[in-house]
Amino acid sequence: MKDQLRKRLASLDPMHPGVPTESVTSSSSQRLLEEIMSTPVTEQPQYRPEPKRNRWLVGVAAAAALVVAVGGAIALTGGPSGDPVAGAPPLVLNAGGEDATAMCIMFSVEELARAPLAFEGTVTTVDGDTVTLTVEEWFKGGDAEQVVLNAPQGLEALIDGFPFQVGSQYLITAYDGNVNYCGFSGVSTPEFRAAFEQAFAG
Amino acid sequence: MSSATERRDRFETIVAEVYDPLQRYLRRRASAEESGDVFSDVLLTVWRRLDEVPSDAVLPWSYGVARRTLSNHRRSAQRNLRLVQRLESERQPATDGDPADAFEETDPDLADALAGLPPADQEILRLWAWEQLEPREIAQALGSTANAVSLRLSRARKKLAESFTRQDPPPPGHIDEEPAEEQQR
């Protein structure tokens, strides 16, 4: 069944093996490779940070911090309505309004890269004070399929003033048990996502 | 990497392995022109980061570089690209835009179902069926874990199958496996 689906999908491949590509031995390929091998290797790859996230720093002082409770912290009471799928248990994040103490530091890809926990997730349910996200990609520090945010004091303005919406994608980092909400977590945009990819590349 | 010659040898060995599949990877996701630009950047990154290439996962690692390079390229050229796309669509619709378009004829139902999935699901299915990667390799290409990829892949397959079920009326006697609430849209 799986193999059949795979074969059928493969039939949609516009670059199936019958489509020719440029041969590595062609003269133009050889010229390209020679040019590349003449490039000094001390330079860094050409990905340059383009931090343009200053707007994330605005108006977040009042936002509540999300306290990360990793490791066996499966919600036993008032748990998420979304059923955890098989595999790793959901990661549960608690939102405690009193814990918003972090100062906002200027966004940079380098700073972002220091976050020990980073993922992109799609909100699957918003139920009362609980948000369940399905993890689309772990950039760092976890492998749970789902992340649950518990916010007993309300969900408004948790992440930079953006309400969580079912179906929307968010990029979230956490540091020392706190979600980095000061510009280091928020709605997933191509730009923000590129910063994550850059920060957590390789 | 002790000598310049060894470095060149290693690069040439890697290039021999990835040269063809990287071109296919890019052309599946980008126009010929964009693929060409990104392709040389990817090879340059491989050259510069030669010491980081995992010997047991050369190709998946290279796909990961290609994914990030393409993403960066698009970000920097986004305005440009939008303009080009608009011009193209004004000139003659559906020419060399998405290479997959040309193949929808062969299995339009599946192509529609695939196109209807969220981008992340589409991509994981492409990596699985087009690049013929296993979950562990997809994880390397996406910067994820094998466990997470396996779950996402099976979820994406399920969504694709469900999409079919909605498109094609079930045969007589067929019983929907989905609970009724899932069918509401």
# chains A, B, ... in the order shown; residues from 1 in each chain; ligands from 1

$ residues_around --residues "Val166 (chain A)" --least-positions-apart "6" --cutoff "7 Å" --atoms "only C-alpha atoms" --output "list in words"
Val123, Thr124, Thr125 and Val126 of chain A

$ write_last_selection --atoms "C-alpha atoms" --output "PDB file, in the first residue's frame"
ATOM      1  CA  VAL A 123      -1.675  25.022  16.153  1.00  0.00           C
ATOM      2  CA  THR A 124      -4.138  22.153  16.061  1.00  0.00           C
ATOM      3  CA  THR A 125      -6.417  23.130  18.910  1.00  0.00           C
ATOM      4  CA  VAL A 126      -7.064  26.137  21.089  1.00  0.00           C
TER       5      VAL A 126
END

$ residues_around --residues "Gln23 (chain B)" --least-positions-apart "6" --cutoff "12 Å" --atoms "only C-alpha atoms" --output "short mmCIF file (atom, residue, chain, number, x, y, z; two decimals) with C-alpha atoms, in the first residue's frame"
data_model
loop_
_atom_site.label_atom_id
_atom_site.label_comp_id
_atom_site.auth_asym_id
_atom_site.auth_seq_id
_atom_site.Cartn_x
_atom_site.Cartn_y
_atom_site.Cartn_z
CA MET A 15 12.60 15.08 -12.98
CA HIS A 16 12.25 11.32 -13.09
CA PRO A 17 15.43 9.40 -13.97
CA VAL A 19 14.98 13.25 -17.79
CA PRO A 20 18.58 14.12 -18.64
CA THR A 21 20.70 16.41 -16.49
CA GLU A 22 23.99 18.14 -17.11
CA SER A 23 26.77 15.58 -16.92
CA VAL A 24 29.49 16.13 -14.35
CA SER A 29 30.52 21.33 -15.46
CA VAL B 15 30.41 15.86 -6.47
CA GLU B 17 27.69 11.39 -6.15
CA ARG B 29 11.37 22.90 -6.87
CA ALA B 30 12.60 25.76 -8.99
CA SER B 31 12.81 27.09 -12.53
CA ALA B 32 15.79 26.20 -14.69
CA GLU B 33 17.29 29.63 -14.21
CA GLU B 34 16.92 29.67 -10.45
CA SER B 35 18.15 26.09 -10.20
CA GLY B 36 21.31 27.03 -12.06
CA ASP B 37 22.08 29.91 -9.71
CA VAL B 38 21.38 27.91 -6.59
CA PHE B 39 23.19 24.82 -7.85
CA SER B 40 26.57 26.53 -8.05
CA VAL B 42 25.23 24.69 -3.17
CA LEU B 43 28.40 23.21 -4.63
CA LEU B 59 23.31 13.11 -0.39
CA SER B 62 23.61 17.99 0.39
CA TYR B 63 19.82 18.19 0.03
CA ALA B 66 20.23 22.88 -1.18
CA GLU B 131 14.24 11.77 -3.93
#

$ residues_around --residues "region 143-158 of chain B" --least-positions-apart "2" --cutoff "9 Å" --atoms "only C-alpha atoms" --output "count of residues only"
41

$ closest_residue --among "A:Leu91, A:Met106, A:Val148, A:Ala194" --to "chain B" --atoms "only C-alpha atoms"
A:Ala194

$ closest_atom_pairs --of "chain A" --to "chain B" --cutoff "6 Å" --atoms "only C-alpha atoms" --output "tab-separated table"
residue	atom	partner	partner_atom	distance
A:Arg6	CA	B:Ala129	CA	5.1
A:Leu9	CA	B:Ala129	CA	5.9
A:Ala10	CA	B:Ala129	CA	5.2
A:Leu12	CA	B:Phe103	CA	5.7
A:Asp13	CA	B:Trp130	CA	5.9
A:Pro14	CA	B:Ala100	CA	5.4
A:Met15	CA	B:Arg24	CA	5.6
A:Ile36	CA	B:Leu44	CA	5.8
A:Val41	CA	B:Arg48	CA	5.0
A:Pro45	CA	B:Thr45	CA	5.9
A:Glu137	CA	B:Ser144	CA	5.9
A:Trp138	CA	B:Ser144	CA	5.4

$ atom_distance --atom1 "CA of Ala113 (chain B)" --atom2 "CA of Gln4 (chain A)"
15.6 Å

$ atom_distance --atom1 "CA of Thr132 (chain A)" --atom2 "CA of Glu110 (chain A)"
28.5 Å

$ atom_distance --atom1 "CA of Leu70 (chain B)" --atom2 "CA of Ser55 (chain B)"
23.1 Å
